[in-house]
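Okay, run-v9.cif is below, mmCIF, N, CA and C atoms:
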```
data_my_file
#
loop_
_atom_site.label_atom_id
_atom_site.label_comp_id
_atom_site.auth_asym_id
_atom_site.auth_seq_id
_atom_site.Cartn_x
_atom_site.Cartn_y
_atom_site.Cartn_z
N MET A 1 -33.75 21.35 -38.12
CA MET A 1 -34.99 20.74 -37.69
C MET A 1 -34.70 19.36 -37.11
N SER A 2 -35.25 19.05 -35.94
CA SER A 2 -34.96 17.78 -35.27
C SER A 2 -35.96 16.71 -35.69
N ASP A 3 -35.51 15.47 -35.64
CA ASP A 3 -36.35 14.34 -36.00
C ASP A 3 -37.20 13.95 -34.79
N GLN A 4 -38.52 13.94 -34.91
CA GLN A 4 -39.43 13.64 -33.81
C GLN A 4 -39.89 12.18 -33.80
N SER A 5 -39.29 11.31 -34.60
CA SER A 5 -39.74 9.92 -34.65
C SER A 5 -39.36 9.15 -33.38
N GLU A 6 -38.23 9.43 -32.79
CA GLU A 6 -37.77 8.75 -31.58
C GLU A 6 -38.02 9.65 -30.37
N PRO A 7 -38.83 9.20 -29.38
CA PRO A 7 -39.07 10.05 -28.20
C PRO A 7 -37.83 10.13 -27.32
N ALA A 8 -37.72 11.22 -26.57
CA ALA A 8 -36.60 11.39 -25.64
C ALA A 8 -36.80 10.46 -24.45
N LYS A 9 -35.82 9.60 -24.19
CA LYS A 9 -35.90 8.66 -23.08
C LYS A 9 -34.96 9.11 -21.98
N ARG A 10 -35.43 9.08 -20.72
CA ARG A 10 -34.60 9.52 -19.60
C ARG A 10 -34.62 8.46 -18.51
N PHE A 11 -33.47 8.25 -17.89
CA PHE A 11 -33.36 7.29 -16.79
C PHE A 11 -33.93 7.89 -15.53
N ILE A 12 -34.56 7.07 -14.71
CA ILE A 12 -35.14 7.48 -13.45
C ILE A 12 -34.22 7.00 -12.33
N ALA A 13 -33.60 7.95 -11.62
CA ALA A 13 -32.65 7.61 -10.56
C ALA A 13 -33.36 6.92 -9.40
N GLY A 14 -32.82 5.80 -8.98
CA GLY A 14 -33.35 5.07 -7.83
C GLY A 14 -34.52 4.16 -8.15
N ALA A 15 -34.98 4.13 -9.39
CA ALA A 15 -36.11 3.28 -9.75
C ALA A 15 -35.66 1.82 -9.84
N VAL A 16 -36.50 0.92 -9.36
CA VAL A 16 -36.20 -0.51 -9.35
C VAL A 16 -37.13 -1.20 -10.35
N CYS A 17 -36.58 -2.05 -11.17
CA CYS A 17 -37.36 -2.77 -12.17
C CYS A 17 -38.27 -3.78 -11.47
N PRO A 18 -39.57 -3.81 -11.79
CA PRO A 18 -40.46 -4.77 -11.15
C PRO A 18 -40.22 -6.21 -11.60
N ALA A 19 -39.54 -6.42 -12.71
CA ALA A 19 -39.30 -7.77 -13.20
C ALA A 19 -37.98 -8.35 -12.69
N CYS A 20 -36.87 -7.60 -12.85
CA CYS A 20 -35.56 -8.16 -12.49
C CYS A 20 -34.99 -7.57 -11.20
N SER A 21 -35.65 -6.59 -10.60
CA SER A 21 -35.27 -5.97 -9.33
C SER A 21 -33.92 -5.26 -9.35
N GLN A 22 -33.45 -4.85 -10.53
CA GLN A 22 -32.21 -4.09 -10.60
C GLN A 22 -32.52 -2.61 -10.50
N MET A 23 -31.64 -1.89 -9.82
CA MET A 23 -31.84 -0.46 -9.62
C MET A 23 -31.16 0.34 -10.73
N ASP A 24 -31.75 1.48 -11.06
CA ASP A 24 -31.22 2.43 -12.04
C ASP A 24 -31.14 1.86 -13.46
N THR A 25 -32.08 0.99 -13.83
CA THR A 25 -32.12 0.48 -15.20
C THR A 25 -33.42 0.87 -15.90
N ILE A 26 -34.31 1.60 -15.22
CA ILE A 26 -35.59 2.00 -15.79
C ILE A 26 -35.45 3.34 -16.49
N ARG A 27 -35.94 3.41 -17.71
CA ARG A 27 -35.99 4.69 -18.40
C ARG A 27 -37.43 4.94 -18.85
N MET A 28 -37.84 6.21 -18.81
CA MET A 28 -39.20 6.60 -19.14
C MET A 28 -39.21 7.46 -20.39
N PHE A 29 -40.32 7.40 -21.11
CA PHE A 29 -40.52 8.23 -22.29
C PHE A 29 -42.01 8.35 -22.53
N GLN A 30 -42.41 9.30 -23.36
CA GLN A 30 -43.81 9.53 -23.66
C GLN A 30 -44.04 9.42 -25.16
N VAL A 31 -45.12 8.74 -25.51
CA VAL A 31 -45.57 8.63 -26.90
C VAL A 31 -47.02 9.11 -26.91
N ASP A 32 -47.30 10.19 -27.62
CA ASP A 32 -48.63 10.79 -27.69
C ASP A 32 -49.16 11.11 -26.29
N ASP A 33 -48.33 11.69 -25.45
CA ASP A 33 -48.66 12.08 -24.08
C ASP A 33 -49.07 10.91 -23.19
N VAL A 34 -48.65 9.70 -23.53
CA VAL A 34 -48.89 8.52 -22.70
C VAL A 34 -47.53 8.05 -22.18
N PRO A 35 -47.33 8.02 -20.84
CA PRO A 35 -46.03 7.63 -20.30
C PRO A 35 -45.78 6.12 -20.42
N HIS A 36 -44.58 5.79 -20.80
CA HIS A 36 -44.13 4.40 -20.91
C HIS A 36 -42.84 4.26 -20.11
N ARG A 37 -42.55 3.04 -19.66
CA ARG A 37 -41.26 2.78 -19.01
C ARG A 37 -40.73 1.44 -19.51
N GLU A 38 -39.39 1.33 -19.50
CA GLU A 38 -38.76 0.09 -19.93
C GLU A 38 -37.47 -0.11 -19.18
N CYS A 39 -37.09 -1.37 -19.02
CA CYS A 39 -35.85 -1.72 -18.33
C CYS A 39 -34.81 -2.07 -19.39
N VAL A 40 -33.63 -1.45 -19.28
CA VAL A 40 -32.58 -1.73 -20.26
C VAL A 40 -31.84 -3.02 -19.93
N ALA A 41 -32.01 -3.56 -18.72
CA ALA A 41 -31.32 -4.79 -18.33
C ALA A 41 -32.06 -6.04 -18.80
N CYS A 42 -33.38 -6.10 -18.55
CA CYS A 42 -34.12 -7.32 -18.87
C CYS A 42 -35.13 -7.16 -20.00
N GLY A 43 -35.41 -5.92 -20.43
CA GLY A 43 -36.35 -5.70 -21.52
C GLY A 43 -37.79 -5.53 -21.08
N TYR A 44 -38.05 -5.50 -19.78
CA TYR A 44 -39.41 -5.29 -19.28
C TYR A 44 -39.92 -3.93 -19.77
N ALA A 45 -41.18 -3.88 -20.19
CA ALA A 45 -41.77 -2.62 -20.65
C ALA A 45 -43.24 -2.62 -20.30
N ASP A 46 -43.77 -1.45 -19.94
CA ASP A 46 -45.20 -1.31 -19.71
C ASP A 46 -45.62 0.13 -19.91
N THR A 47 -46.94 0.34 -19.87
CA THR A 47 -47.53 1.65 -20.04
C THR A 47 -48.12 2.08 -18.71
N LEU A 48 -48.05 3.37 -18.42
CA LEU A 48 -48.58 3.90 -17.17
C LEU A 48 -49.83 4.71 -17.42
N ASP A 49 -50.74 4.73 -16.42
CA ASP A 49 -51.94 5.55 -16.55
C ASP A 49 -51.67 6.94 -15.98
N GLU A 50 -52.70 7.77 -15.86
CA GLU A 50 -52.51 9.16 -15.43
C GLU A 50 -52.05 9.27 -13.98
N ARG A 51 -52.27 8.23 -13.15
CA ARG A 51 -51.81 8.25 -11.77
C ARG A 51 -50.45 7.59 -11.58
N GLY A 52 -49.89 7.05 -12.63
CA GLY A 52 -48.57 6.42 -12.56
C GLY A 52 -48.62 4.94 -12.28
N ASN A 53 -49.79 4.34 -12.36
CA ASN A 53 -49.93 2.90 -12.14
C ASN A 53 -49.77 2.15 -13.46
N SER A 54 -49.26 0.94 -13.37
CA SER A 54 -49.06 0.12 -14.56
C SER A 54 -50.41 -0.31 -15.12
N VAL A 55 -50.55 -0.26 -16.44
CA VAL A 55 -51.78 -0.65 -17.12
C VAL A 55 -51.58 -2.05 -17.67
N PRO A 56 -52.37 -3.03 -17.20
CA PRO A 56 -52.21 -4.39 -17.74
C PRO A 56 -52.73 -4.47 -19.17
N SER A 57 -52.15 -5.35 -19.96
CA SER A 57 -52.57 -5.49 -21.34
C SER A 57 -53.96 -6.11 -21.43
N GLU A 58 -54.25 -7.10 -20.59
CA GLU A 58 -55.57 -7.71 -20.54
C GLU A 58 -55.76 -8.29 -19.15
N LEU A 59 -56.92 -8.07 -18.57
CA LEU A 59 -57.19 -8.61 -17.25
C LEU A 59 -57.41 -10.11 -17.34
N PRO A 60 -56.73 -10.88 -16.50
CA PRO A 60 -56.94 -12.33 -16.54
C PRO A 60 -58.29 -12.70 -15.93
N THR A 61 -59.09 -13.43 -16.67
CA THR A 61 -60.39 -13.88 -16.20
C THR A 61 -60.58 -15.35 -16.55
N ARG A 62 -61.71 -15.90 -16.11
CA ARG A 62 -61.99 -17.30 -16.42
C ARG A 62 -62.20 -17.51 -17.91
N VAL A 63 -62.67 -16.49 -18.59
CA VAL A 63 -62.98 -16.65 -20.01
C VAL A 63 -61.87 -16.16 -20.93
N THR A 64 -60.74 -15.74 -20.36
CA THR A 64 -59.61 -15.34 -21.18
C THR A 64 -59.11 -16.58 -21.93
N ILE A 65 -59.00 -16.45 -23.22
CA ILE A 65 -58.59 -17.58 -24.04
C ILE A 65 -57.08 -17.77 -23.91
N GLN A 66 -56.71 -18.94 -23.44
CA GLN A 66 -55.30 -19.29 -23.31
C GLN A 66 -54.90 -20.13 -24.53
N PRO A 67 -53.68 -19.94 -25.01
CA PRO A 67 -53.26 -20.77 -26.13
C PRO A 67 -53.20 -22.24 -25.70
N SER A 68 -53.73 -23.12 -26.53
CA SER A 68 -53.74 -24.53 -26.17
C SER A 68 -52.34 -25.10 -26.29
N SER A 69 -52.02 -25.94 -25.34
CA SER A 69 -50.70 -26.56 -25.37
C SER A 69 -50.87 -28.00 -25.84
N LYS A 70 -50.17 -28.33 -26.88
CA LYS A 70 -50.22 -29.68 -27.41
C LYS A 70 -49.15 -30.51 -26.71
N PRO A 71 -49.44 -31.77 -26.41
CA PRO A 71 -48.42 -32.59 -25.77
C PRO A 71 -47.24 -32.83 -26.70
N SER A 72 -46.10 -32.94 -26.11
CA SER A 72 -44.90 -33.17 -26.92
C SER A 72 -44.94 -34.58 -27.50
N PRO A 73 -44.26 -34.81 -28.61
CA PRO A 73 -44.31 -36.14 -29.23
C PRO A 73 -43.68 -37.22 -28.37
N THR A 74 -42.89 -36.87 -27.37
CA THR A 74 -42.26 -37.88 -26.51
C THR A 74 -43.17 -38.27 -25.35
N THR A 75 -44.34 -37.64 -25.21
CA THR A 75 -45.25 -37.95 -24.13
C THR A 75 -45.97 -39.26 -24.42
N LYS A 76 -46.05 -40.11 -23.40
CA LYS A 76 -46.74 -41.38 -23.55
C LYS A 76 -47.89 -41.43 -22.56
N VAL A 77 -48.96 -42.08 -22.95
CA VAL A 77 -50.13 -42.21 -22.10
C VAL A 77 -49.93 -43.40 -21.17
N ALA A 78 -50.19 -43.21 -19.88
CA ALA A 78 -50.11 -44.30 -18.91
C ALA A 78 -51.52 -44.77 -18.60
N GLN A 79 -51.73 -46.08 -18.63
CA GLN A 79 -53.05 -46.63 -18.34
C GLN A 79 -52.92 -47.53 -17.12
N PHE A 80 -53.81 -47.31 -16.14
CA PHE A 80 -53.77 -48.07 -14.91
C PHE A 80 -54.91 -49.08 -14.90
N TYR A 81 -54.59 -50.30 -14.46
CA TYR A 81 -55.58 -51.36 -14.35
C TYR A 81 -55.79 -51.66 -12.87
N PRO A 82 -57.02 -51.93 -12.46
CA PRO A 82 -57.26 -52.25 -11.04
C PRO A 82 -56.62 -53.58 -10.67
N ASN A 83 -56.11 -53.64 -9.47
CA ASN A 83 -55.48 -54.86 -8.96
C ASN A 83 -56.57 -55.73 -8.34
N PRO A 84 -56.82 -56.94 -8.87
CA PRO A 84 -57.91 -57.77 -8.31
C PRO A 84 -57.63 -58.23 -6.88
N LYS A 85 -56.39 -58.24 -6.45
CA LYS A 85 -56.05 -58.67 -5.09
C LYS A 85 -56.43 -57.61 -4.06
N LEU A 86 -56.65 -56.37 -4.49
CA LEU A 86 -56.97 -55.30 -3.57
C LEU A 86 -58.47 -55.01 -3.50
N LYS A 87 -59.33 -55.94 -3.96
CA LYS A 87 -60.76 -55.73 -3.92
C LYS A 87 -61.23 -55.74 -2.47
N LYS A 88 -62.19 -54.85 -2.18
CA LYS A 88 -62.78 -54.80 -0.85
C LYS A 88 -63.74 -55.95 -0.66
N LYS A 89 -63.68 -56.53 0.51
CA LYS A 89 -64.62 -57.61 0.82
C LYS A 89 -65.86 -57.00 1.43
N ASP A 90 -67.01 -57.44 0.95
CA ASP A 90 -68.28 -56.90 1.46
C ASP A 90 -68.70 -57.56 2.73
#
```

Could you take the file, read its structure, and then write that structure out as structure tokens?
Amino acid sequence: MSDQSEPAKRFIAGAVCPACSQMDTIRMFQVDDVPHRECVACGYADTLDERGNSVPSELPTRVTIQPSSKPSPTTKVAQFYPNPKLKKKD
């Protein structure tokens, strides 16, 4: 009896990785009848829909929550003061 925990992965001849642009590094496999592909060179992986198009994990929108970036401790605040010699004459 064979172990069904690991799906059979097969390389796709002539396929080019969309991330690293290397040829013949893409392998495809199916999990629950859903096709997946991954690159053995750079680790890129995605899921395909029924037409073979890549399925994005989440569509980027204006309301997509981005992780907040905190300034590094070495960042210093610069404050600018107006130069009184450059005042416009009325």

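In this structure, CA of Ala45 (chain A) sits 25.4 Å away from CA of Val63 (chain A).
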
With only C-alpha atoms as the basis for distance, which of A:Pro35, A:Val40, A:Gln30, A:Val77 is at the shortest distance from Val16 (chain A)? A:Val40

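Note that CA of Arg10 (chain A) and CA of Val55 (chain A) are 20.1 Å apart.
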
In Å to one decimal, how far is CA of Phe11 (chain A) from CA of Arg51 (chain A)? 19.1 Å

Expected selection from the PyMOL selection byres ((chain A and resi 47) around 7), given as a ChimeraX atom specification: /A:34-37,45-46,48-49,53-56

Got a sec: who's within 7 Å of Asp24 (chain A), counting only N, CA and C atoms, leaving out chain neighbours fewer than 4 positions off, as a PyMOL selection string? chain A and resi 11-17

Quick one: residues within 12 Å of Gly43 (chain A), only C-alpha atoms counted, chain neighbours fewer than 5 positions away excluded, as a ChimeraX atom specification? /A:17-20,22,25-27,37-38

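Of the listed residues (A:Gly52, A:Pro84, A:Pro73, A:Pro7), A:Pro7 comes nearest to Phe29 (chain A); the distances count only N, CA and C atoms.
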